[in-house]
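What follows is a short report on a single structure.
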Amino acid sequence: MFYREAGQFKASYAEDSQIFPIRQDKIGFWVLMLVFGVAVPLLTNEYWLKAILIPVLIFSLAAIGLNILTGYAGQLSLGSAAFMAVGAFAAYNFILRVEGMPFLVALVLAGGTAAAVGILFGLPSLRIKGFYLAVATLAAQFFIVWALVKFPWFSNYSSSGVVTAQEVTILGYTFSSPEAKYVLTFLIVAFMALLAKNLVRSSTGRAWMAVRDMDVAAQVIGFRLMRTKLLAFAVSSFYCGVAGALYAYTYIGTVEPEGFNLDLSFKILFMIIIGGVGSIMGSFLGAAFIVLLPIFLDNVVPLVFGDALGAGFVSNFQLIVFGGLIIFFLIVEPHGLARLWQIAKEKLRLWPFPH
Amino acid sequence: MQFFIEVLVGGLLSGVMYALVALGFVLIYKASGVFNFAQGAMVFFAALTFVGFQEVLPGWLGLEADSGVVFWLAFLLAFIAMIVLGIATERIVLRPLVNQPHITLFMATIGLTYVVEGIAQMAWGANVRGLDLGIVDEPIAWLMDNYEIGVSKFDLFAAGMAASLVALLAILFQYTKVGRALRAVADDHQAALSIGIPLQTIWRVVWAVAGFVALVAGMIWGARNGVQFALTFTALKALPVLILGGFTSVPGAIVGGLIIGASEKLAEVYVGPFVGGGIEGWFPYMLALAFLLVRPEGLFGEKHIDRV
Amino acid sequence: MARQIGDVIVDLQNISLRFGGVKALTDISFNVREHEIRSIIGPNGAGKSSMLNVINGVYHPQEGQIFFKGALRKKMEPHEAAEQGIARTFQNIALFKGMTVLDNIMTGRNLKMKCNFLQHALYWGAAQKEEIAHRIKVEEVIEFLEIQDIRKTPVGRLPYGLQKRVELARALAAEPHILLLDEPMAGMNVEEKQDMCRFILDVNDHYGTTIVLIEHDMGVVMDISDRVVVLDYGKKIGDGEPDEVKNNPEVIKAYLGTSH
């Protein structure tokens, strides 16, 4: 009833190409930003911030990264976690080894390092496609984690290979409380999500999607395959790298290379499948879903089945639910939660009329 | 020199085991165009089911645990379980996804991996179990005595099993009606359908056969390293083999397996020490990748020309 | 007619193309003059599409030379062909299925857009101005081809005839010098064919775009072409003005077969 675009006329192409062309969406978006940017850190407790909200934001960023590569540019990657690892360890080393390195600069450099590594592992995409490429990205996954473990320089010769992230200080203010870390993460993720949205709705994004949908036609129309694919690898890895650095600095604090294993890569892949392949908003929905689901199951399964089944049962049950959901979404709604949201909006526009 | 040969032979023999897992991939890929990431999980599932039945059957039937009846009954039941799994997969996962992009099917099999792992552990528990096939893992005395080359009896046995399995499959595909139908399906789904080949039946057969291959692979791997979750990683070992050999070629899977097995062992022994060891995890991938840059279609794959 | 046929703009000399042992094209020479409508006809499998693929660099012939605007082009890649002003449509529609009509046509402008991806990410100032400037150009094409009402529809949802039109729009958005059309009217009904003919003639007339056309409808070909080249089994069997070609005994043989 209130969600109507009637009476909102676009008088210029600039107005027509906004991110939220409908006024109600725009209002809704800013309300959401205020809620998550201001109200949430003021009102929620430490558990919610540390265990749910911060990881959701960070994984959203990683999912955006993978979505750029897989959802927009059509290059399936099974190695996103490795690029997060590059970001995390690059940030650690930049801050450790460069005197007075500002945190935000280190973050950009960490992303840049991941991007460089991403380009390197993206090179095979120029010759191979599809699963062949997916398998090639596994090489990145195994090689990078191996290299971070085997060369102790990366972890500053810490005996266990575990590194502890330094304090996060920006302009003299130290982000130590969960609230402060949350707000910082929120601002960075929101800003980068905006940049990603801009990229995918511009000529760069069209180039990616063109290569995804039909690479020969994309070339014939003048896109350079090499440049387009490598840029997708670079930008994607940059996002994963920054997500990895945030993972270390504002989320868990201590990281080891093996934490960024294949399972994590799959988890990020699941986020974009469930959230929506080729959708920035879907990356957020998928990340929230995948972070919340185990917590939900942990709490609900014992209630339903009783405690007798034990922790092993719950974790196996989780595996089955995860896998089952992936299959379910691929079959029923390949465009994920983002598409469901869109359908709901279309229905809402017409409500209470059926057509 | 002896040492080199020893490493080489050991590598080749373990390569046979990779080939065995890769074979399951090739079968399914050829028949249904599905790159079945869950093959590793199926190996785990099969081995665990076999061992699980071996444990419970003596109690149920009042037999000695080490009797041949228990062994073969457990084998049969595990095979039946694999058939059921194959049929269920076809019905629940593949049929609704017919005509979807290959990548979608591939991601669905990643989901399937989780489900199969979950079910296996839920049914039989997550403990590591031993599996005894009655062949000891010791060097062949004759080779040791005369040439001082250590080659494990077990490895040789495994290689023999793999070879006979490949021969069996080759006969099956070449000379039976189902085999012919299967090759037709592999060539062109639509055309096969149009001449009345029941696509879904063929898929079920293929998944069942792949399940059988997984069972054999699982038993051999399990006997070697214990039946445990790590068996699912055999799939990760098989992927570079497939890249090398091509996704559609049975000989490719065998040759690819041998090359990967031999080169990774040689690399570990001769290159590993210089970079800190543990390169087995990624070396096969890098090798396969380097190879792909030269020949993107694999050793035995066909060159693909884009028609526009 | 206002347009004036100019000099030779594309000159193909002794082109041979093989796939493994299969000869797709054998020793073919012909040229295209500026502003003309040049048709390629021939039975199925004659090598017509391969010919277009050679012109815009999708295939590289093993033998022969291609001169484009007088310069020898060796191993030209498709994107280089695009930079030279060659645009094309495909026999089996090659639209970007996941994108809207508008985005598809916008891709046609990509070579004229100069902002880099960092500017795109910020979508501020130059990048936004550029996007809107090109949107205006694209809207002209949309209007010209009368597809305003489907602007924001994903192309996958459109019927065949409209998809063909969108593909033409995408090619036109690039403001090409040479437009290669691979069976633009295949599978269309009479009305749609008439519309398409009108668009092709208009493009040729208004913008002076040189057009190389593959088409099976002989009525259309003979009506709108300036010159026609005929291929059969990868060999050239006829070349000339429509009337000449129509009476060429080789061509009649290829199309009707010989009576014994």
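The way I read the labels, and the way they are meant: chains A, B, ... in the order of the structure tokens, residue 1 as the first residue of every chain, and ligand 1 as the first ligand shown, with later ones counted on from there.
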
Starting from chain A, keep only residues with some atom at most 7 Å from an atom of chain C, counting only C-alpha atoms, and report them as a PDB file with all heavy atoms, in the first residue's frame.
ATOM      1  N   TYR A  13      18.452  10.990 -17.138  1.00  0.00           N
ATOM      2  CA  TYR A  13      19.066   9.673 -17.100  1.00  0.00           C
ATOM      3  C   TYR A  13      19.823   9.459 -15.799  1.00  0.00           C
ATOM      4  O   TYR A  13      19.956   8.343 -15.325  1.00  0.00           O
ATOM      5  CB  TYR A  13      19.996   9.488 -18.302  1.00  0.00           C
ATOM      6  CG  TYR A  13      19.240   9.428 -19.600  1.00  0.00           C
ATOM      7  CD1 TYR A  13      19.621  10.205 -20.685  1.00  0.00           C
ATOM      8  CD2 TYR A  13      18.131   8.598 -19.718  1.00  0.00           C
ATOM      9  CE1 TYR A  13      18.916  10.149 -21.870  1.00  0.00           C
ATOM     10  CE2 TYR A  13      17.420   8.544 -20.899  1.00  0.00           C
ATOM     11  CZ  TYR A  13      17.816   9.319 -21.979  1.00  0.00           C
ATOM     12  OH  TYR A  13      17.111   9.256 -23.145  1.00  0.00           O
ATOM     13  N   ALA A  14      20.311  10.546 -15.206  1.00  0.00           N
ATOM     14  CA  ALA A  14      21.012  10.413 -13.935  1.00  0.00           C
ATOM     15  C   ALA A  14      20.051   9.879 -12.869  1.00  0.00           C
ATOM     16  O   ALA A  14      20.385   8.983 -12.112  1.00  0.00           O
ATOM     17  CB  ALA A  14      21.578  11.757 -13.505  1.00  0.00           C
ATOM     18  N   LEU A 195      31.356   0.963  -3.342  1.00  0.00           N
ATOM     19  CA  LEU A 195      32.278   0.955  -4.480  1.00  0.00           C
ATOM     20  C   LEU A 195      31.986  -0.242  -5.397  1.00  0.00           C
ATOM     21  O   LEU A 195      31.982  -0.116  -6.623  1.00  0.00           O
ATOM     22  CB  LEU A 195      33.731   0.882  -4.005  1.00  0.00           C
ATOM     23  CG  LEU A 195      34.273   2.068  -3.214  1.00  0.00           C
ATOM     24  CD1 LEU A 195      35.769   1.914  -3.023  1.00  0.00           C
ATOM     25  CD2 LEU A 195      33.971   3.383  -3.904  1.00  0.00           C
ATOM     26  N   ALA A 196      31.735  -1.387  -4.769  1.00  0.00           N
ATOM     27  CA  ALA A 196      31.469  -2.586  -5.569  1.00  0.00           C
ATOM     28  C   ALA A 196      30.207  -2.409  -6.387  1.00  0.00           C
ATOM     29  O   ALA A 196      30.158  -2.745  -7.573  1.00  0.00           O
ATOM     30  CB  ALA A 196      31.354  -3.808  -4.660  1.00  0.00           C
ATOM     31  N   ASN A 198      28.942   0.358  -7.429  1.00  0.00           N
ATOM     32  CA  ASN A 198      29.230   1.283  -8.522  1.00  0.00           C
ATOM     33  C   ASN A 198      29.968   0.590  -9.654  1.00  0.00           C
ATOM     34  O   ASN A 198      29.695   0.822 -10.827  1.00  0.00           O
ATOM     35  CB  ASN A 198      30.069   2.455  -8.019  1.00  0.00           C
ATOM     36  CG  ASN A 198      29.230   3.455  -7.250  1.00  0.00           C
ATOM     37  OD1 ASN A 198      28.017   3.500  -7.416  1.00  0.00           O
ATOM     38  ND2 ASN A 198      29.872   4.233  -6.397  1.00  0.00           N
ATOM     39  N   LEU A 199      30.916  -0.250  -9.275  1.00  0.00           N
ATOM     40  CA  LEU A 199      31.679  -0.961 -10.300  1.00  0.00           C
ATOM     41  C   LEU A 199      30.769  -1.812 -11.168  1.00  0.00           C
ATOM     42  O   LEU A 199      30.870  -1.795 -12.385  1.00  0.00           O
ATOM     43  CB  LEU A 199      32.719  -1.874  -9.643  1.00  0.00           C
ATOM     44  CG  LEU A 199      34.096  -1.300  -9.387  1.00  0.00           C
ATOM     45  CD1 LEU A 199      34.980  -2.361  -8.760  1.00  0.00           C
ATOM     46  CD2 LEU A 199      34.723  -0.812 -10.687  1.00  0.00           C
ATOM     47  N   SER A 202      28.618  -0.076 -13.766  1.00  0.00           N
ATOM     48  CA  SER A 202      29.292   0.771 -14.756  1.00  0.00           C
ATOM     49  C   SER A 202      29.812  -0.102 -15.894  1.00  0.00           C
ATOM     50  O   SER A 202      29.529  -1.291 -15.968  1.00  0.00           O
ATOM     51  CB  SER A 202      30.463   1.481 -14.092  1.00  0.00           C
ATOM     52  OG  SER A 202      31.427   0.517 -13.747  1.00  0.00           O
ATOM     53  N   SER A 203      30.618   0.503 -16.731  1.00  0.00           N
ATOM     54  CA  SER A 203      31.157  -0.211 -17.886  1.00  0.00           C
ATOM     55  C   SER A 203      32.022  -1.398 -17.450  1.00  0.00           C
ATOM     56  O   SER A 203      32.030  -2.444 -18.099  1.00  0.00           O
ATOM     57  CB  SER A 203      31.986   0.750 -18.740  1.00  0.00           C
ATOM     58  OG  SER A 203      32.429   0.108 -19.893  1.00  0.00           O
ATOM     59  N   THR A 204      32.737  -1.242 -16.330  1.00  0.00           N
ATOM     60  CA  THR A 204      33.546  -2.350 -15.821  1.00  0.00           C
ATOM     61  C   THR A 204      32.676  -3.567 -15.525  1.00  0.00           C
ATOM     62  O   THR A 204      32.988  -4.688 -15.919  1.00  0.00           O
ATOM     63  CB  THR A 204      34.268  -1.929 -14.523  1.00  0.00           C
ATOM     64  OG1 THR A 204      35.056  -0.778 -14.806  1.00  0.00           O
ATOM     65  CG2 THR A 204      35.142  -3.030 -13.991  1.00  0.00           C
ATOM     66  N   ARG A 206      29.729  -4.195 -16.697  1.00  0.00           N
ATOM     67  CA  ARG A 206      29.147  -4.739 -17.930  1.00  0.00           C
ATOM     68  C   ARG A 206      30.163  -5.612 -18.658  1.00  0.00           C
ATOM     69  O   ARG A 206      29.814  -6.630 -19.247  1.00  0.00           O
ATOM     70  CB  ARG A 206      28.649  -3.598 -18.826  1.00  0.00           C
ATOM     71  CG  ARG A 206      27.373  -2.952 -18.317  1.00  0.00           C
ATOM     72  CD  ARG A 206      26.757  -2.053 -19.380  1.00  0.00           C
ATOM     73  NE  ARG A 206      27.593  -0.891 -19.669  1.00  0.00           N
ATOM     74  CZ  ARG A 206      27.459   0.289 -19.076  1.00  0.00           C
ATOM     75  NH1 ARG A 206      26.523   0.479 -18.174  1.00  0.00           N
ATOM     76  NH2 ARG A 206      28.251   1.283 -19.388  1.00  0.00           N
ATOM     77  N   ALA A 210      29.501  -9.408 -19.503  1.00  0.00           N
ATOM     78  CA  ALA A 210      29.559  -9.805 -20.913  1.00  0.00           C
ATOM     79  C   ALA A 210      30.471 -11.026 -21.070  1.00  0.00           C
ATOM     80  O   ALA A 210      30.121 -11.987 -21.749  1.00  0.00           O
ATOM     81  CB  ALA A 210      30.072  -8.645 -21.761  1.00  0.00           C
ATOM     82  N   ASP A 213      28.595 -14.037 -19.702  1.00  0.00           N
ATOM     83  CA  ASP A 213      27.474 -14.551 -20.477  1.00  0.00           C
ATOM     84  C   ASP A 213      27.899 -15.125 -21.820  1.00  0.00           C
ATOM     85  O   ASP A 213      27.323 -16.097 -22.287  1.00  0.00           O
ATOM     86  CB  ASP A 213      26.434 -13.451 -20.699  1.00  0.00           C
ATOM     87  CG  ASP A 213      25.658 -13.150 -19.429  1.00  0.00           C
ATOM     88  OD1 ASP A 213      25.771 -13.963 -18.493  1.00  0.00           O
ATOM     89  OD2 ASP A 213      24.965 -12.127 -19.372  1.00  0.00           O
ATOM     90  N   MET A 214      28.855 -14.519 -22.475  1.00  0.00           N
ATOM     91  CA  MET A 214      29.286 -15.036 -23.771  1.00  0.00           C
ATOM     92  C   MET A 214      30.611 -14.391 -24.152  1.00  0.00           C
ATOM     93  O   MET A 214      30.650 -13.261 -24.621  1.00  0.00           O
ATOM     94  CB  MET A 214      28.224 -14.742 -24.825  1.00  0.00           C
ATOM     95  CG  MET A 214      28.539 -15.407 -26.127  1.00  0.00           C
ATOM     96  SD  MET A 214      27.103 -15.646 -27.161  1.00  0.00           S
ATOM     97  CE  MET A 214      26.396 -17.126 -26.496  1.00  0.00           C
ATOM     98  N   ALA A 217      31.298 -13.159 -27.913  1.00  0.00           N
ATOM     99  CA  ALA A 217      30.582 -11.929 -28.248  1.00  0.00           C
ATOM    100  C   ALA A 217      31.200 -10.728 -27.541  1.00  0.00           C
ATOM    101  O   ALA A 217      31.279  -9.643 -28.108  1.00  0.00           O
ATOM    102  CB  ALA A 217      29.111 -12.065 -27.882  1.00  0.00           C
ATOM    103  N   GLN A 219      34.295 -10.280 -26.825  1.00  0.00           N
ATOM    104  CA  GLN A 219      35.496  -9.879 -27.558  1.00  0.00           C
ATOM    105  C   GLN A 219      35.139  -9.133 -28.828  1.00  0.00           C
ATOM    106  O   GLN A 219      35.757  -8.132 -29.174  1.00  0.00           O
ATOM    107  CB  GLN A 219      36.305 -11.119 -27.947  1.00  0.00           C
ATOM    108  CG  GLN A 219      37.247 -11.593 -26.887  1.00  0.00           C
ATOM    109  CD  GLN A 219      37.911 -12.871 -27.344  1.00  0.00           C
ATOM    110  OE1 GLN A 219      37.268 -13.884 -27.546  1.00  0.00           O
ATOM    111  NE2 GLN A 219      39.216 -12.806 -27.541  1.00  0.00           N
ATOM    112  N   VAL A 220      34.128  -9.660 -29.516  1.00  0.00           N
ATOM    113  CA  VAL A 220      33.743  -9.066 -30.786  1.00  0.00           C
ATOM    114  C   VAL A 220      33.253  -7.636 -30.592  1.00  0.00           C
ATOM    115  O   VAL A 220      33.415  -6.780 -31.449  1.00  0.00           O
ATOM    116  CB  VAL A 220      32.669  -9.943 -31.464  1.00  0.00           C
ATOM    117  CG1 VAL A 220      32.005  -9.220 -32.603  1.00  0.00           C
ATOM    118  CG2 VAL A 220      33.298 -11.233 -31.957  1.00  0.00           C
ATOM    119  N   ILE A 221      32.675  -7.382 -29.421  1.00  0.00           N
ATOM    120  CA  ILE A 221      32.158  -6.040 -29.171  1.00  0.00           C
ATOM    121  C   ILE A 221      33.282  -5.115 -28.695  1.00  0.00           C
ATOM    122  O   ILE A 221      33.111  -3.923 -28.559  1.00  0.00           O
ATOM    123  CB  ILE A 221      31.018  -6.121 -28.135  1.00  0.00           C
ATOM    124  CG1 ILE A 221      30.000  -5.028 -28.386  1.00  0.00           C
ATOM    125  CG2 ILE A 221      31.514  -6.016 -26.737  1.00  0.00           C
ATOM    126  CD1 ILE A 221      28.754  -5.614 -28.920  1.00  0.00           C
ATOM    127  N   GLY A 222      34.453  -5.692 -28.438  1.00  0.00           N
ATOM    128  CA  GLY A 222      35.606  -4.856 -28.146  1.00  0.00           C
ATOM    129  C   GLY A 222      36.196  -5.001 -26.754  1.00  0.00           C
ATOM    130  O   GLY A 222      37.172  -4.342 -26.420  1.00  0.00           O
ATOM    131  N   PHE A 223      35.614  -5.852 -25.923  1.00  0.00           N
ATOM    132  CA  PHE A 223      36.223  -6.055 -24.606  1.00  0.00           C
ATOM    133  C   PHE A 223      37.469  -6.913 -24.761  1.00  0.00           C
ATOM    134  O   PHE A 223      37.487  -7.861 -25.544  1.00  0.00           O
ATOM    135  CB  PHE A 223      35.251  -6.764 -23.663  1.00  0.00           C
ATOM    136  CG  PHE A 223      34.082  -5.926 -23.256  1.00  0.00           C
ATOM    137  CD1 PHE A 223      32.791  -6.300 -23.575  1.00  0.00           C
ATOM    138  CD2 PHE A 223      34.269  -4.742 -22.562  1.00  0.00           C
ATOM    139  CE1 PHE A 223      31.701  -5.522 -23.212  1.00  0.00           C
ATOM    140  CE2 PHE A 223      33.187  -3.957 -22.190  1.00  0.00           C
ATOM    141  CZ  PHE A 223      31.899  -4.357 -22.516  1.00  0.00           C
ATOM    142  N   ARG A 224      38.487  -6.594 -23.988  1.00  0.00           N
ATOM    143  CA  ARG A 224      39.679  -7.428 -23.988  1.00  0.00           C
ATOM    144  C   ARG A 224      39.522  -8.469 -22.902  1.00  0.00           C
ATOM    145  O   ARG A 224      39.424  -8.135 -21.727  1.00  0.00           O
ATOM    146  CB  ARG A 224      40.926  -6.589 -23.706  1.00  0.00           C
ATOM    147  CG  ARG A 224      41.303  -5.718 -24.869  1.00  0.00           C
ATOM    148  CD  ARG A 224      42.124  -4.540 -24.378  1.00  0.00           C
ATOM    149  NE  ARG A 224      42.386  -3.646 -25.499  1.00  0.00           N
ATOM    150  CZ  ARG A 224      43.535  -3.626 -26.156  1.00  0.00           C
ATOM    151  NH1 ARG A 224      44.512  -4.428 -25.795  1.00  0.00           N
ATOM    152  NH2 ARG A 224      43.701  -2.801 -27.156  1.00  0.00           N
TER     153      ARG A 224
END

**OP:** Residues of chain B near chain A: apply a cut-off of 8 Å, count only C-alpha atoms, and supply the list as number ranges by chain.
**Re:** B: 35, 93, 96-97, 103-104, 106-119, 121-122, 239-240, 243, 275-276, 278-279, 281-282, 285-286, 289, 292-293, 296, 308

Determine which residues of chain C sit within 8 Å of chain B, taking into account only C-alpha atoms, and present them as a PDB file with all heavy atoms, in the first residue's frame.
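Contents of the output file out_28.pdb:
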ATOM      1  N   SER C  49      29.453 -18.172 -42.485  1.00  0.00           N
ATOM      2  CA  SER C  49      29.756 -17.634 -41.151  1.00  0.00           C
ATOM      3  C   SER C  49      31.259 -17.624 -40.896  1.00  0.00           C
ATOM      4  O   SER C  49      31.783 -16.694 -40.276  1.00  0.00           O
ATOM      5  CB  SER C  49      29.056 -18.453 -40.070  1.00  0.00           C
ATOM      6  OG  SER C  49      27.664 -18.265 -40.145  1.00  0.00           O
ATOM      7  N   PHE C  90      25.257 -12.185 -34.691  1.00  0.00           N
ATOM      8  CA  PHE C  90      25.560 -13.598 -34.864  1.00  0.00           C
ATOM      9  C   PHE C  90      24.341 -14.369 -35.353  1.00  0.00           C
ATOM     10  O   PHE C  90      23.202 -13.972 -35.153  1.00  0.00           O
ATOM     11  CB  PHE C  90      26.040 -14.193 -33.546  1.00  0.00           C
ATOM     12  CG  PHE C  90      27.339 -13.619 -33.082  1.00  0.00           C
ATOM     13  CD1 PHE C  90      27.379 -12.417 -32.396  1.00  0.00           C
ATOM     14  CD2 PHE C  90      28.532 -14.271 -33.336  1.00  0.00           C
ATOM     15  CE1 PHE C  90      28.578 -11.871 -31.976  1.00  0.00           C
ATOM     16  CE2 PHE C  90      29.728 -13.745 -32.915  1.00  0.00           C
ATOM     17  CZ  PHE C  90      29.764 -12.539 -32.237  1.00  0.00           C
ATOM     18  N   GLN C  91      24.652 -15.515 -35.957  1.00  0.00           N
ATOM     19  CA  GLN C  91      23.596 -16.370 -36.485  1.00  0.00           C
ATOM     20  C   GLN C  91      22.709 -16.885 -35.343  1.00  0.00           C
ATOM     21  O   GLN C  91      21.495 -16.760 -35.384  1.00  0.00           O
ATOM     22  CB  GLN C  91      24.248 -17.530 -37.219  1.00  0.00           C
ATOM     23  CG  GLN C  91      23.289 -18.427 -37.928  1.00  0.00           C
ATOM     24  CD  GLN C  91      24.050 -19.522 -38.674  1.00  0.00           C
ATOM     25  OE1 GLN C  91      25.271 -19.530 -38.726  1.00  0.00           O
ATOM     26  NE2 GLN C  91      23.317 -20.437 -39.244  1.00  0.00           N
ATOM     27  N   ASN C  92      23.359 -17.474 -34.323  1.00  0.00           N
ATOM     28  CA  ASN C  92      22.618 -17.858 -33.127  1.00  0.00           C
ATOM     29  C   ASN C  92      22.862 -16.744 -32.126  1.00  0.00           C
ATOM     30  O   ASN C  92      23.953 -16.621 -31.612  1.00  0.00           O
ATOM     31  CB  ASN C  92      23.151 -19.166 -32.547  1.00  0.00           C
ATOM     32  CG  ASN C  92      23.193 -20.236 -33.599  1.00  0.00           C
ATOM     33  OD1 ASN C  92      22.216 -20.448 -34.299  1.00  0.00           O
ATOM     34  ND2 ASN C  92      24.345 -20.874 -33.743  1.00  0.00           N
TER      35      ASN C  92
END

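Computed from the coordinates, the CA of Arg227 (chain A) to CA of Lys137 (chain C) distance equals 25.5 Å.
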
**Study point:** Test item, strand (DSSP E or B) assignment across region 36-284 of chain B, answer as a VMD selection string
**Key:** chain B and resid 129 139 152 227

Determine which residues of region 207-309 of chain A receive a DSSP assignment of helix (DSSP H, G or I), computed from the backbone, and state them as a ChimeraX atom specification. /A:207-213,215-220,225-252,257-259,262-275,280-305,307-309

**Message:** I want to know what sits within 12 Å of Val230 (chain C), based on only C-alpha atoms, with residues of the same chain fewer than 3 positions away left out; could you give that as a count of residues only?
**Reply:** 42

Ala115 (chain A): which residues within 10 Å, counting only C-alpha atoms, same-chain residues fewer than 4 positions away excluded, as a tab-separated table (two decimals) with N, CA and C atoms, in the first residue's frame?
chain	number	residue	atom	x	y	z
A	83	PHE	N	42.98	-16.05	-0.36
A	83	PHE	CA	43.23	-14.62	-0.58
A	83	PHE	C	42.94	-13.82	0.69
A	86	VAL	N	46.12	-14.12	2.54
A	86	VAL	CA	47.14	-13.19	2.05
A	86	VAL	C	46.90	-11.81	2.65
A	87	GLY	N	45.63	-11.37	2.64
A	87	GLY	CA	45.30	-10.07	3.19
A	87	GLY	C	45.65	-9.96	4.67
A	109	LEU	N	47.01	-1.70	1.46
A	109	LEU	CA	48.17	-2.46	0.97
A	109	LEU	C	47.92	-3.96	1.04
A	110	ALA	N	47.22	-4.38	2.11
A	110	ALA	CA	46.90	-5.80	2.25
A	110	ALA	C	46.01	-6.24	1.09
A	111	GLY	N	45.01	-5.40	0.80
A	111	GLY	CA	44.15	-5.70	-0.34
A	111	GLY	C	44.96	-5.73	-1.62
A	119	ILE	N	45.98	-11.82	-9.29
A	119	ILE	CA	46.27	-11.71	-10.73
A	119	ILE	C	47.13	-12.89	-11.17
A	120	LEU	N	48.11	-13.21	-10.33
A	120	LEU	CA	49.01	-14.33	-10.64
A	120	LEU	C	48.23	-15.63	-10.83
A	121	PHE	N	47.33	-15.89	-9.88
A	121	PHE	CA	46.57	-17.15	-9.98
A	121	PHE	C	45.40	-17.02	-10.97
A	122	GLY	N	45.15	-15.80	-11.43
A	122	GLY	CA	44.10	-15.62	-12.43
A	122	GLY	C	44.61	-15.84	-13.84
A	230	LEU	N	41.44	-10.49	-15.68
A	230	LEU	CA	42.43	-10.23	-14.65
A	230	LEU	C	41.97	-9.13	-13.71
A	231	LEU	N	41.26	-8.14	-14.24
A	231	LEU	CA	40.73	-7.10	-13.37
A	231	LEU	C	39.74	-7.70	-12.37
A	232	ALA	N	38.92	-8.65	-12.86
A	232	ALA	CA	37.98	-9.30	-11.95
A	232	ALA	C	38.74	-10.05	-10.86
A	233	PHE	N	39.79	-10.77	-11.25
A	233	PHE	CA	40.59	-11.47	-10.25
A	233	PHE	C	41.21	-10.49	-9.26
A	234	ALA	N	41.72	-9.37	-9.79
A	234	ALA	CA	42.39	-8.40	-8.92
A	234	ALA	C	41.39	-7.78	-7.94
A	235	VAL	N	40.28	-7.28	-8.45
A	235	VAL	CA	39.31	-6.61	-7.58
A	235	VAL	C	38.75	-7.61	-6.56
A	236	SER	N	38.42	-8.80	-7.05
A	236	SER	CA	37.89	-9.83	-6.17
A	236	SER	C	38.86	-10.15	-5.04
A	237	SER	N	40.13	-10.34	-5.42
A	237	SER	CA	41.12	-10.67	-4.41
A	237	SER	C	41.36	-9.51	-3.46
A	238	PHE	N	41.27	-8.29	-4.00
A	238	PHE	CA	41.41	-7.12	-3.14
A	238	PHE	C	40.35	-7.16	-2.03
A	239	TYR	N	39.12	-7.42	-2.43
A	239	TYR	CA	38.03	-7.48	-1.45
A	239	TYR	C	38.27	-8.61	-0.45
A	240	CYS	N	38.64	-9.77	-0.96
A	240	CYS	CA	38.90	-10.88	-0.04
A	240	CYS	C	40.07	-10.55	0.88
A	241	GLY	N	41.08	-9.89	0.33
A	241	GLY	CA	42.25	-9.53	1.13
A	241	GLY	C	41.88	-8.59	2.27
A	242	VAL	N	41.10	-7.56	1.95
A	242	VAL	CA	40.68	-6.63	3.01
A	242	VAL	C	39.81	-7.37	4.03

- Item | Exercise: Met17 (chain B) partners within 8 Å, only C-alpha atoms, chain neighbours under 6 positions left out, as a list of chain:residue names |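 Non-adjacent residues within range: B:Ala158, B:Ala159, B:Ala162, B:Ala217, B:Trp221, B:Gly257.
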
Could you dump the residues just selected with C-alpha atoms as a PDB file, in the first residue's frame?
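Output saved as part25.pdb:
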ATOM      1  CA  ALA B 158      46.086 -52.359  -5.047  1.00  0.00           C
ATOM      2  CA  ALA B 159      47.485 -51.738  -8.493  1.00  0.00           C
ATOM      3  CA  ALA B 162      42.693 -51.173 -10.046  1.00  0.00           C
ATOM      4  CA  ALA B 217      38.878 -47.322  -3.813  1.00  0.00           C
ATOM      5  CA  TRP B 221      42.701 -46.536   0.746  1.00  0.00           C
ATOM      6  CA  GLY B 257      47.194 -40.874 -12.104  1.00  0.00           C
TER       7      GLY B 257
END

Tell me, as a VMD selection string, which residues lie within 8 Å of region 285-299 of chain A, counting only C-alpha atoms; anything in the same chain fewer than 6 positions away does not count. chain A and resid 52 55 to 57 59 to 60 63 267 to 268 270 to 276 314 318 337 to 338

Give me, as a list in words, all polymer residues having an atom no more than 10 Å from Phe75 (chain B), counting only C-alpha atoms and skipping those fewer than 6 positions away in the same chain.
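Once the adjacent positions are removed, what remains is Ala46, Ala47, Thr49, Phe50, Val51, Phe53, Gln54, Val69, Ala81, Phe212, Leu215, Val216 and Met219 of chain B.
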
With distances taken over only C-alpha atoms, the candidate from C:Ala126, C:Val8, C:Ala71, C:Met185 nearest Arg33 (chain C) is C:Val8

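One finds CA of Leu145 (chain C) at 12.2 Å from CA of Gly161 (chain C).
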